[in-house]
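Source file: model20.tsv (TSV, C-alpha atoms)
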chain	number	residue	atom	x	y	z
A	1087	MET	CA	116.73	81.79	96.02
A	1088	THR	CA	114.91	78.61	97.04
A	1089	VAL	CA	114.56	78.14	100.78
A	1090	SER	CA	116.30	74.90	101.75
A	1091	SER	CA	114.57	72.31	103.90
A	1092	PRO	CA	117.13	72.31	106.77
A	1093	VAL	CA	116.04	75.86	107.68
A	1094	VAL	CA	112.41	74.78	108.09
A	1095	PRO	CA	111.81	72.02	110.66
A	1096	GLU	CA	110.79	68.71	109.16
A	1097	ALA	CA	107.59	68.70	111.22
A	1098	ILE	CA	106.57	71.92	109.47
A	1099	HIS	CA	107.64	70.69	106.01
A	1100	ALA	CA	105.38	67.70	106.60
A	1101	LEU	CA	102.40	70.06	106.87
A	1102	ALA	CA	102.95	71.49	103.38
A	1103	PRO	CA	100.58	69.15	101.46
A	1104	THR	CA	97.76	69.71	103.94
A	1105	MET	CA	98.26	73.48	103.95
A	1106	THR	CA	98.27	73.45	100.15
A	1107	ASP	CA	94.94	71.61	100.15
A	1108	TRP	CA	93.46	74.17	102.55
A	1109	ARG	CA	94.81	77.06	100.51
A	1110	ARG	CA	93.45	75.76	97.22
A	1111	ALA	CA	90.05	74.98	98.71
A	1112	ILE	CA	89.81	78.56	99.97
A	1113	HIS	CA	91.14	79.88	96.65
A	1114	ALA	CA	88.46	78.09	94.63
A	1115	TRP	CA	85.62	79.68	96.60
A	1116	PRO	CA	86.70	83.25	97.39
A	1117	GLU	CA	84.49	85.55	99.45
A	1118	LEU	CA	84.42	89.31	99.87
A	1119	GLY	CA	84.81	91.13	103.18
A	1120	PHE	CA	82.23	90.25	105.85
A	1121	GLU	CA	80.90	87.53	103.51
A	1122	GLU	CA	83.50	84.89	104.44
A	1123	GLN	CA	80.94	82.33	105.62
A	1124	ARG	CA	82.41	79.35	103.78
A	1125	THR	CA	85.99	80.34	104.61
A	1126	SER	CA	85.34	80.95	108.31
A	1127	ALA	CA	83.47	77.63	108.49
A	1128	LEU	CA	86.50	75.84	107.00
A	1129	VAL	CA	88.75	77.62	109.49
A	1130	ALA	CA	86.51	76.86	112.48
A	1131	ASP	CA	86.01	73.20	111.51
A	1132	THR	CA	89.76	72.74	111.04
A	1133	LEU	CA	90.52	74.30	114.43
A	1134	ARG	CA	87.92	72.12	116.15
A	1135	ALA	CA	89.38	69.03	114.47
A	1136	LEU	CA	92.70	69.99	116.11
A	1137	GLY	CA	90.98	69.99	119.51
A	1138	LEU	CA	90.85	73.79	119.80
A	1139	GLN	CA	87.82	75.86	120.67
A	1140	ALA	CA	86.86	78.03	117.70
A	1141	HIS	CA	85.35	81.35	118.76
A	1142	THR	CA	83.29	82.53	115.81
A	1143	GLY	CA	81.37	85.66	114.88
A	1144	LEU	CA	83.89	88.28	115.97
A	1145	GLY	CA	83.59	91.17	113.56
A	1146	GLY	CA	80.90	89.24	111.72
A	1147	THR	CA	82.83	86.32	110.25
A	1148	GLY	CA	86.08	86.44	112.25
A	1149	VAL	CA	87.40	83.37	114.07
A	1150	VAL	CA	89.74	83.15	117.07
A	1151	ALA	CA	91.39	80.15	118.72
A	1152	VAL	CA	93.90	79.94	121.56
A	1153	VAL	CA	96.77	77.49	121.99
A	1154	ASP	CA	97.45	77.67	125.73
A	1155	SER	CA	100.46	76.06	127.38
A	1156	GLY	CA	98.70	76.13	130.74
A	1157	LYS	CA	101.69	77.93	132.23
A	1158	PRO	CA	102.22	81.64	132.94
A	1159	GLY	CA	103.76	83.68	130.19
A	1160	LEU	CA	103.16	86.18	127.42
A	1161	SER	CA	100.17	86.13	125.11
A	1162	ILE	CA	101.24	86.34	121.47
A	1163	GLY	CA	98.68	87.27	118.81
A	1164	LEU	CA	99.11	86.04	115.22
A	1165	ARG	CA	96.75	87.39	112.57
A	1166	ALA	CA	95.73	86.25	109.07
A	1167	ASP	CA	93.21	87.95	106.75
A	1168	MET	CA	90.59	85.86	104.93
A	1169	ASP	CA	88.82	88.04	102.34
A	1170	ALA	CA	89.17	88.13	98.55
A	1171	LEU	CA	88.91	90.93	95.99
A	1172	PRO	CA	86.04	91.98	93.69
A	1173	MET	CA	87.80	91.10	90.44
A	1174	ASP	CA	88.24	88.24	88.00
A	1175	GLU	CA	91.20	85.90	88.06
A	1176	ASP	CA	93.14	85.26	84.85
A	1177	SER	CA	94.05	81.62	85.36
A	1178	ASP	CA	93.55	78.14	83.96
A	1179	LEU	CA	94.53	76.43	87.22
A	1180	PRO	CA	92.27	73.56	88.30
A	1181	PHE	CA	91.54	75.33	91.60
A	1182	ARG	CA	90.87	78.77	90.04
A	1183	SER	CA	88.03	80.88	91.39
A	1184	GLN	CA	84.60	79.35	90.89
A	1185	ARG	CA	82.91	82.68	91.57
A	1186	PRO	CA	82.86	85.19	88.69
A	1187	GLY	CA	83.97	88.63	89.78
A	1188	VAL	CA	85.60	87.44	93.03
A	1189	ALA	CA	89.18	86.17	93.35
A	1190	HIS	CA	92.01	85.62	95.81
A	1191	THR	CA	94.44	87.85	93.92
A	1192	CYS	CA	96.12	89.22	97.05
A	1193	GLY	CA	97.13	85.96	98.73
A	1194	HIS	CA	94.86	86.03	101.76
A	1195	ASP	CA	94.03	82.40	101.06
A	1196	GLY	CA	97.72	81.67	101.64
A	1197	HIS	CA	97.83	83.75	104.82
A	1198	THR	CA	94.83	81.85	106.20
A	1199	ALA	CA	96.24	78.43	105.27
A	1200	ALA	CA	99.57	79.33	106.86
A	1201	LEU	CA	97.96	80.34	110.15
A	1202	LEU	CA	95.99	77.08	110.15
A	1203	GLY	CA	99.36	75.37	109.71
A	1204	VAL	CA	100.69	77.28	112.72
A	1205	ALA	CA	97.68	76.07	114.72
A	1206	ARG	CA	98.31	72.45	113.78
A	1207	HIS	CA	102.02	72.70	114.52
A	1208	LEU	CA	101.50	74.39	117.90
A	1209	VAL	CA	98.93	71.81	118.97
A	1210	ALA	CA	101.49	69.08	118.23
A	1211	HIS	CA	104.41	71.10	119.65
A	1212	PRO	CA	103.00	73.45	122.31
A	1213	PRO	CA	104.99	76.41	123.60
A	1214	ALA	CA	106.68	76.03	126.97
A	1215	SER	CA	104.80	78.94	128.51
A	1216	GLY	CA	102.08	81.48	127.82
A	1217	ARG	CA	99.61	81.21	124.98
A	1218	VAL	CA	99.18	81.99	121.29
A	1219	VAL	CA	96.03	83.75	120.06
A	1220	LEU	CA	95.24	82.83	116.46
A	1221	ILE	CA	93.23	85.62	114.80
A	1222	PHE	CA	91.47	84.96	111.47
A	1223	GLN	CA	90.23	88.37	110.36
A	1224	PRO	CA	87.53	89.23	107.84
A	1225	ALA	CA	87.40	92.24	105.53
A	1226	GLU	CA	90.96	93.54	105.40
A	1227	GLU	CA	90.42	94.92	101.89
A	1228	GLY	CA	88.94	98.26	102.88
A	1229	GLY	CA	86.26	96.64	104.98
A	1230	ARG	CA	87.30	97.60	108.52
A	1231	GLY	CA	87.49	93.98	109.63
A	1232	ALA	CA	90.16	94.58	112.28
A	1233	ILE	CA	88.32	97.42	113.99
A	1234	ARG	CA	85.07	95.42	113.88
A	1235	MET	CA	86.79	92.51	115.65
A	1236	ILE	CA	88.22	94.90	118.24
A	1237	GLU	CA	84.81	96.49	118.78
A	1238	ASP	CA	83.39	92.99	119.24
A	1239	GLY	CA	85.76	92.44	122.16
A	1240	LEU	CA	88.71	90.71	120.47
A	1241	PHE	CA	91.30	92.03	122.90
A	1242	THR	CA	88.94	92.16	125.87
A	1243	ARG	CA	88.33	88.42	125.55
A	1244	PHE	CA	91.77	87.52	124.19
A	1245	ALA	CA	94.27	90.01	125.57
A	1246	CYS	CA	97.64	90.01	123.83
A	1247	ASP	CA	101.04	91.30	124.87
A	1248	GLU	CA	102.29	91.39	121.28
A	1249	VAL	CA	100.76	90.94	117.80
A	1250	TYR	CA	102.29	89.86	114.49
A	1251	ALA	CA	101.14	89.49	110.89
A	1252	PHE	CA	102.75	88.81	107.53
A	1253	HIS	CA	101.92	89.54	103.91
A	1254	ASN	CA	103.32	87.97	100.78
A	1255	MET	CA	105.29	90.47	98.69
A	1256	PRO	CA	106.02	89.94	94.96
A	1257	LEU	CA	108.30	93.00	94.96
A	1258	LEU	CA	110.83	91.05	97.04
A	1259	GLY	CA	110.99	87.73	95.19
A	1260	MET	CA	110.96	84.22	96.61
A	1261	GLY	CA	113.38	83.57	99.45
A	1262	ARG	CA	113.64	87.18	100.57
A	1263	ALA	CA	111.89	89.08	103.35
A	1264	SER	CA	111.69	92.51	104.91
A	1265	VAL	CA	110.66	94.08	108.20
A	1266	ARG	CA	111.44	97.53	109.54
A	1267	ILE	CA	111.14	99.50	112.75
A	1268	GLY	CA	108.54	102.26	112.69
A	1269	ALA	CA	105.97	103.02	110.03
A	1270	THR	CA	105.98	100.20	107.48
A	1271	LEU	CA	102.66	100.80	105.68
A	1272	GLN	CA	100.85	104.05	105.05
A	1273	SER	CA	97.57	105.15	106.51
A	1274	LEU	CA	94.51	105.09	104.28
A	1275	ALA	CA	91.33	107.13	104.01
A	1276	VAL	CA	88.78	106.53	101.29
A	1277	PHE	CA	86.82	109.68	100.49
A	1278	GLU	CA	83.58	110.17	98.58
A	1279	ILE	CA	82.36	113.65	97.63
A	1280	THR	CA	78.84	114.43	96.43
A	1281	VAL	CA	78.17	117.79	94.78
A	1282	GLU	CA	74.50	118.75	94.54
A	1283	GLY	CA	73.51	121.63	92.29
A	1284	VAL	CA	70.65	122.49	89.97
A	1285	GLY	CA	70.37	120.72	86.64
A	1286	GLY	CA	69.13	122.23	83.42
A	1287	HIS	CA	69.62	122.78	79.69
A	1288	ALA	CA	73.17	123.23	78.47
A	1289	ALA	CA	72.00	126.26	76.43
A	1290	ALA	CA	70.76	128.01	79.58
A	1291	PRO	CA	73.51	127.56	82.20
A	1292	HIS	CA	72.42	130.74	84.00
A	1293	LYS	CA	69.24	128.92	85.00
A	1294	ALA	CA	71.20	126.02	86.53
A	1295	ASN	CA	73.93	125.62	89.13
A	1296	ASP	CA	76.39	123.26	87.55
A	1297	PRO	CA	77.85	120.69	90.02
A	1298	LEU	CA	80.11	119.26	87.31
A	1299	GLN	CA	82.14	122.49	87.22
A	1300	VAL	CA	82.66	122.23	90.99
A	1301	ALA	CA	83.57	118.56	90.77
A	1302	ALA	CA	86.05	119.21	87.97
A	1303	ARG	CA	87.79	121.93	89.97
A	1304	LEU	CA	87.93	119.67	93.02
A	1305	ALA	CA	89.43	116.88	90.92
A	1306	VAL	CA	92.27	119.22	89.92
A	1307	GLU	CA	92.80	120.90	93.28
A	1308	ILE	CA	92.63	117.86	95.58
A	1309	PRO	CA	95.90	116.27	94.35
A	1310	ALA	CA	97.59	119.67	94.76
A	1311	ILE	CA	97.04	119.52	98.53
A	1312	VAL	CA	100.24	117.51	98.95
A	1313	GLY	CA	102.41	119.90	96.96
A	1314	ARG	CA	101.14	123.07	98.62
A	1315	HIS	CA	100.14	122.18	102.18
A	1316	ILE	CA	102.34	119.25	103.29
A	1317	ASP	CA	105.99	119.49	104.28
A	1318	PRO	CA	107.93	118.13	101.26
A	1319	MET	CA	110.05	116.04	103.63
A	1320	GLU	CA	106.94	114.11	104.73
A	1321	THR	CA	105.38	111.17	102.89
A	1322	ALA	CA	101.86	111.88	101.67
A	1323	LEU	CA	99.64	110.96	98.74
A	1324	ILE	CA	96.14	111.97	97.70
A	1325	ASN	CA	94.41	110.93	94.48
A	1326	VAL	CA	91.03	111.25	92.81
A	1327	GLY	CA	90.16	107.94	91.18
A	1328	SER	CA	86.62	108.58	90.00
A	1329	LEU	CA	84.49	111.48	88.75
A	1330	GLN	CA	80.93	110.71	87.71
A	1331	ALA	CA	78.40	113.19	86.33
A	1332	GLY	CA	75.82	113.62	83.62
A	1333	THR	CA	74.16	111.43	81.03
A	1334	THR	CA	74.51	113.26	77.73
A	1335	HIS	CA	76.04	116.29	75.99
A	1336	ASN	CA	73.28	118.89	76.38
A	1337	ILE	CA	72.07	118.38	79.94
A	1338	ILE	CA	73.61	120.05	82.96
A	1339	PRO	CA	73.44	117.36	85.67
A	1340	ALA	CA	71.98	117.94	89.11
A	1341	THR	CA	74.70	115.98	90.90
A	1342	ALA	CA	78.31	114.96	90.49
A	1343	THR	CA	80.41	112.59	92.57
A	1344	LEU	CA	84.12	112.08	93.16
A	1345	SER	CA	86.02	109.43	95.07
A	1346	GLY	CA	89.62	108.76	95.90
A	1347	THR	CA	92.14	107.91	98.58
A	1348	LEU	CA	94.69	109.65	100.74
A	1349	ARG	CA	97.70	108.05	102.42
A	1350	ALA	CA	100.42	109.11	104.83
A	1351	LEU	CA	103.14	107.60	107.02
A	1352	SER	CA	102.18	109.61	110.11
A	1353	LYS	CA	98.86	110.29	111.81
A	1354	ASP	CA	99.63	114.04	111.93
A	1355	VAL	CA	100.08	114.24	108.16
A	1356	HIS	CA	96.99	112.06	107.69
A	1357	GLU	CA	94.94	114.55	109.73
A	1358	ALA	CA	96.44	117.51	107.87
A	1359	LEU	CA	95.36	115.98	104.55
A	1360	LEU	CA	91.83	115.49	105.86
A	1361	GLN	CA	91.66	119.06	107.16
A	1362	ARG	CA	92.68	120.50	103.78
A	1363	LEU	CA	90.23	118.21	101.97
A	1364	ARG	CA	87.39	119.40	104.21
A	1365	ALA	CA	88.43	123.02	103.68
A	1366	LEU	CA	88.39	122.57	99.90
A	1367	CYS	CA	84.91	121.08	99.99
A	1368	ASP	CA	83.58	123.82	102.27
A	1369	GLY	CA	85.23	126.55	100.19
A	1370	HIS	CA	83.78	125.34	96.91
A	1371	ALA	CA	80.36	125.01	98.52
A	1372	ALA	CA	80.54	128.62	99.69
A	1373	ILE	CA	81.76	129.94	96.32
A	1374	SER	CA	79.42	127.95	94.07
A	1375	GLY	CA	76.27	127.70	96.13
A	1376	CYS	CA	76.23	123.95	95.53
A	1377	ARG	CA	75.96	121.51	98.41
A	1378	VAL	CA	79.27	119.66	98.79
A	1379	GLN	CA	79.25	116.64	101.11
A	1380	LEU	CA	82.38	114.74	102.14
A	1381	HIS	CA	82.01	111.15	103.32
A	1382	LEU	CA	84.80	108.90	104.63
A	1383	PRO	CA	83.57	105.29	104.39
A	1384	HIS	CA	86.87	103.73	105.45
A	1385	ALA	CA	90.08	104.82	107.11
A	1386	CYS	CA	92.94	103.20	108.98
A	1387	PRO	CA	96.12	104.55	110.56
A	1388	PRO	CA	99.63	103.66	109.38
A	1389	CYS	CA	101.11	100.30	110.40
A	1390	VAL	CA	103.83	101.13	112.91
A	1391	ASN	CA	106.19	98.36	114.03
A	1392	ALA	CA	107.50	98.51	117.60
A	1393	PRO	CA	111.34	98.40	117.84
A	1394	GLU	CA	111.63	95.29	120.03
A	1395	GLN	CA	109.05	93.27	118.12
A	1396	ALA	CA	110.42	94.29	114.71
A	1397	ALA	CA	113.89	93.19	115.81
A	1398	LEU	CA	112.47	89.87	117.00
A	1399	ALA	CA	110.69	89.36	113.66
A	1400	ALA	CA	113.91	90.17	111.79
A	1401	SER	CA	115.78	87.60	113.87
A	1402	ALA	CA	113.12	84.95	113.18
A	1403	LEU	CA	113.26	85.71	109.46
A	1404	ALA	CA	117.04	85.43	109.52
A	1405	ASP	CA	116.82	82.04	111.22
A	1406	VAL	CA	114.63	80.73	108.41
A	1407	LEU	CA	115.92	82.54	105.32
A	1408	GLY	CA	119.41	83.61	106.34
A	1409	PRO	CA	120.31	87.14	107.46
A	1410	GLU	CA	121.60	88.09	104.02
A	1411	HIS	CA	118.07	87.65	102.65
A	1412	VAL	CA	116.31	89.84	105.22
A	1413	ASP	CA	116.08	93.59	104.57
A	1414	THR	CA	115.65	95.65	107.74
A	1415	ASP	CA	116.35	98.97	106.01
A	1416	ALA	CA	113.64	98.81	103.38
A	1417	ARG	CA	111.54	101.87	102.80
A	1418	ALA	CA	107.94	101.78	103.94
A	1419	TYR	CA	105.45	100.60	101.34
A	1420	PRO	CA	102.63	102.88	100.11
A	1421	PHE	CA	100.02	100.18	100.73
A	1422	SER	CA	97.81	99.96	103.81
A	1423	ASP	CA	96.44	97.27	106.11
A	1424	ASP	CA	93.97	97.60	108.96
A	1425	PHE	CA	96.24	95.41	111.08
A	1426	SER	CA	97.36	98.91	112.07
A	1427	TYR	CA	94.43	99.04	114.49
A	1428	MET	CA	95.81	95.98	116.27
A	1429	LEU	CA	99.27	97.57	116.37
A	1430	GLU	CA	97.70	100.59	118.08
A	1431	GLN	CA	96.42	98.25	120.81
A	1432	TRP	CA	99.59	96.19	121.34
A	1433	PRO	CA	103.25	96.38	120.26
A	1434	GLY	CA	104.04	94.13	117.34
A	1435	ALA	CA	105.38	93.81	113.83
A	1436	TYR	CA	104.10	93.46	110.27
A	1437	LEU	CA	106.55	91.61	108.02
A	1438	PHE	CA	106.82	90.69	104.34
A	1439	LEU	CA	107.73	87.35	102.76
A	1440	GLY	CA	108.71	87.44	99.10
A	1441	ILE	CA	107.22	85.39	96.28
A	1442	ASP	CA	107.72	85.29	92.52
A	1443	SER	CA	104.46	86.53	91.01
A	1444	ALA	CA	102.69	89.39	89.33
A	1445	MET	CA	101.86	92.08	91.87
A	1446	CYS	CA	99.01	91.62	94.31
A	1447	HIS	CA	95.63	92.79	92.95
A	1448	HIS	CA	96.64	91.82	89.41
A	1449	PRO	CA	94.46	89.20	87.64
A	1450	THR	CA	97.50	86.96	87.04
A	1451	PHE	CA	98.72	87.06	90.66
A	1452	ARG	CA	99.76	83.59	91.86
A	1453	PHE	CA	100.40	82.68	95.47
A	1454	ASP	CA	103.26	80.17	95.68
A	1455	ASP	CA	102.38	77.29	97.99
A	1456	ALA	CA	106.10	76.82	98.72
A	1457	LEU	CA	105.78	79.90	100.93
A	1458	LEU	CA	103.39	78.18	103.35
A	1459	PRO	CA	105.95	76.18	105.41
A	1460	VAL	CA	108.29	79.20	105.37
A	1461	ALA	CA	105.58	81.40	106.89
A	1462	VAL	CA	104.78	78.78	109.53
A	1463	ALA	CA	108.47	78.43	110.40
A	1464	VAL	CA	108.82	82.21	110.85
A	1465	PHE	CA	105.76	82.46	113.09
A	1466	ASP	CA	106.95	79.42	115.03
A	1467	ARG	CA	110.38	81.05	115.60
A	1468	ILE	CA	108.68	84.17	116.95
A	1469	VAL	CA	106.58	82.08	119.31
A	1470	ARG	CA	109.52	79.96	120.51
A	1471	ARG	CA	111.68	83.00	121.16
A	1472	ARG	CA	108.95	84.57	123.27
A	1473	LEU	CA	107.39	81.51	124.91
A	1474	GLY	CA	110.33	79.11	125.07
Can you dump the structure from the file as structure tokens?
Amino acid sequence: MTVSSPVVPEAIHALAPTMTDWRRAIHAWPELGFEEQRTSALVADTLRALGLQAHTGLGGTGVVAVVDSGKPGLSIGLRADMDALPMDEDSDLPFRSQRPGVAHTCGHDGHTAALLGVARHLVAHPPASGRVVLIFQPAEEGGRGAIRMIEDGLFTRFACDEVYAFHNMPLLGMGRASVRIGATLQSLAVFEITVEGVGGHAAAPHKANDPLQVAARLAVEIPAIVGRHIDPMETALINVGSLQAGTTHNIIPATATLSGTLRALSKDVHEALLQRLRALCDGHAAISGCRVQLHLPHACPPCVNAPEQAALAASALADVLGPEHVDTDARAYPFSDDFSYMLEQWPGAYLFLGIDSAMCHHPTFRFDDALLPVAVAVFDRIVRRRLG
């Protein structure tokens, strides 16, 4: 389906070329989490050119601006993520990434450009009451950007009554959307395990304490946590993605490392997974005599949409795309997003707008610039329904 222009106000359609220019400028110079200096400067300069005050430095490179009607009313937060991924882009586009090993292959450049479009539209067409808080977040890709912004006083300085965010979704296809009540994205915890033993000669294992044997057993037993310790009616996932040890065939290494992720749709199941993971590490340390250390460099809770705000988002999506193209019964996705921290602070909704592309995080992923005015129109409908 192609979204027809009558559904998107002409004033928003008129912003499409400018938003495309912003998006492609960001795309050409991608930056990793907490390194978004160039991107945040573009965002801040654009906001200032619109006559808004750009509050910079929240969470390191985050930017916030407020469109205030000057009249009493709700405060609506809209969030976009700005960071790219540590991977190469497979593209011959003229605006392809100019930085080897870094690429916008998740569409955050499009999210940022769309929120800048919302800013420009709201400045020209202010809400009748209340205010809109525009949140440009760093480091969504496993970098704890949302919690860093919150710790830096995001919601102390810019209190919100509700918060909303969107993500492009290739699984849906262009012209379709989804939003659901309740958990919509899983929690995430990244774990790293270091096993320290005693190295030695492979011909004399009795003189060593082999950490690789412990790591190998952990790699097999960790994924079994879900099948043996979690209610089968619950959603849970735990995987080992890396096991590193040794340098050659006849040396017992002194250390071995594992890393992986765990995910769940509820905080209780998330905590149960962590408890079993800790117990496994402690048990193997006691049995083997090796030192087994568990480190959790990043975690975030599940994204949970509030009923009222999810219903409002669904209505806004239906206004723009047509109700027959909005799925409110979709299953939760197994991905994660630290927007969940913002949803723990305020009621809100996380919604998905379809595009035709390879999946996010694939080197051939392509954000479709035709989605930009659609995203602005949806955010604008949410604002108008709340603020008049």
Excluding segment 1176-1178 of chain A and residues on its chain fewer than 5 positions from it, collect all residues at most 9 Å away from it, counting only C-alpha atoms, and give them as a PyMOL selection string. chain A and resi 1183+1448-1452
Could you build a table of the residues in segment 1244-1305 of chain A lying no more than 7 Å from segment 1345-1362 of chain A, giving for each the nearest pair of atoms and their separation in Å rounded to one decimal place, using only C-alpha atoms, ordered by chain and ascending residue number, as JSON lines?
{"residue": "A:Ala1269", "atom": "CA", "partner": "A:Leu1351", "partner_atom": "CA", "distance": 6.2}
{"residue": "A:Leu1271", "atom": "CA", "partner": "A:Leu1351", "partner_atom": "CA", "distance": 6.9}
{"residue": "A:Gln1272", "atom": "CA", "partner": "A:Leu1351", "partner_atom": "CA", "distance": 4.7}
{"residue": "A:Ser1273", "atom": "CA", "partner": "A:Arg1349", "partner_atom": "CA", "distance": 5.0}
{"residue": "A:Leu1274", "atom": "CA", "partner": "A:Arg1349", "partner_atom": "CA", "distance": 4.7}
{"residue": "A:Ala1275", "atom": "CA", "partner": "A:Leu1348", "partner_atom": "CA", "distance": 5.3}
{"residue": "A:Val1276", "atom": "CA", "partner": "A:Thr1347", "partner_atom": "CA", "distance": 4.5}
{"residue": "A:Phe1277", "atom": "CA", "partner": "A:Gly1346", "partner_atom": "CA", "distance": 5.5}
{"residue": "A:Glu1278", "atom": "CA", "partner": "A:Ser1345", "partner_atom": "CA", "distance": 4.3}
{"residue": "A:Ile1279", "atom": "CA", "partner": "A:Ser1345", "partner_atom": "CA", "distance": 6.1}
Go through segment 1366-1431 of chain A residue by residue and, counting only C-alpha atoms, keep those with an atom at most 12 Å from segment 1320-1323 of chain A; for each kept residue give the shortest atom pair and its distance in Å to one decimal, ordered by chain and increasing number, as CSV.
residue,atom,partner,partner_atom,distance
A:Pro1388,CA,A:Thr1321,CA,11.5
A:Arg1417,CA,A:Thr1321,CA,11.2
A:Ala1418,CA,A:Thr1321,CA,9.8
A:Tyr1419,CA,A:Thr1321,CA,10.7
A:Pro1420,CA,A:Leu1323,CA,8.7
A:Phe1421,CA,A:Leu1323,CA,11.0
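Distance-wise, atom CA of Val1284 of chain A and atom CA of Ile1324 of chain A end up 28.6 Å apart.
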Restricting the calculation to only C-alpha atoms: of A:Val1149, A:Ala1114, A:Cys1376, A:Leu1258, which residue gets closest to Ala1294 of chain A? A:Cys1376
Identify which of the residues A:Gln1223, A:Arg1377, A:Gly1268, A:Pro1256 lies closest to Pro1297 of chain A, counting only C-alpha atoms when measuring atom-to-atom distances. A:Arg1377
Choose the residue, out of A:Gly1327, A:Gly1187, A:Gly1440, A:Gly1313, that has the smallest atom-to-atom separation from Gly1259 of chain A; count all atoms listed in the file. A:Gly1440
Could you check the closest approach to Cys1246 of chain A for each of A:Met1173, A:Ala1111, A:Ala1305, A:Val1218 and tell me which residue wins, using all atoms listed in the file?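 Counting all atoms listed in the file, the residue closest to Cys1246 of chain A is A:Val1218.
The shortest atom-to-atom distance to Ala1372 of chain A, with only C-alpha atoms taken into account, belongs to A:Val1300 out of A:Asp1415, A:Val1300, A:Cys1192, A:Asp1405.
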Would you be able to write out as a list in words which residues have an atom within 9 Å of (114.9, 81.5, 108.0) in the file's coordinates, counting all atoms listed in the file? Val1089, Val1093, Val1094, Gly1261, Ser1401, Ala1402, Leu1403, Ala1404, Asp1405, Val1406, Leu1407, Gly1408, Pro1409, His1411, Val1412, Val1460, Ala1463, Val1464 and Arg1467 of chain A
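Nearest to Gly1283 of chain A of all the residues A:Gln1431, A:Asn1336, A:Asn1254, A:Gln1379 is A:Gln1379, counting only C-alpha atoms.
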Between atom CA of Ala1127 of chain A and atom CA of Ala1166 of chain A, what is the distance in Å, rounded to a tenth?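 Atom-to-atom, atom CA of Ala1127 of chain A to atom CA of Ala1166 of chain A, that is 15.0 Å.
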Mind pulling up the distance from atom CA of Ile1267 of chain A to atom CA of His1099 of chain A?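 Rounded to one decimal, the two atoms are 29.8 Å apart.
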Find the residues near Cys1367 of chain A: any atom within 8 Å, counting all atoms listed in the file, skip ones fewer than 6 places away on the same chain, and give them as a PyMOL selection string. chain A and resi 1304+1378-1380
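Residues in contact with Ser1161 of chain A at 8 Å, where all atoms listed in the file are counted and same-chain residues fewer than 6 positions away are skipped, are listed as Gly1216, Arg1217, Val1218, Val1219, Ala1245, Cys1246, Asp1247 and Glu1248 of chain A.
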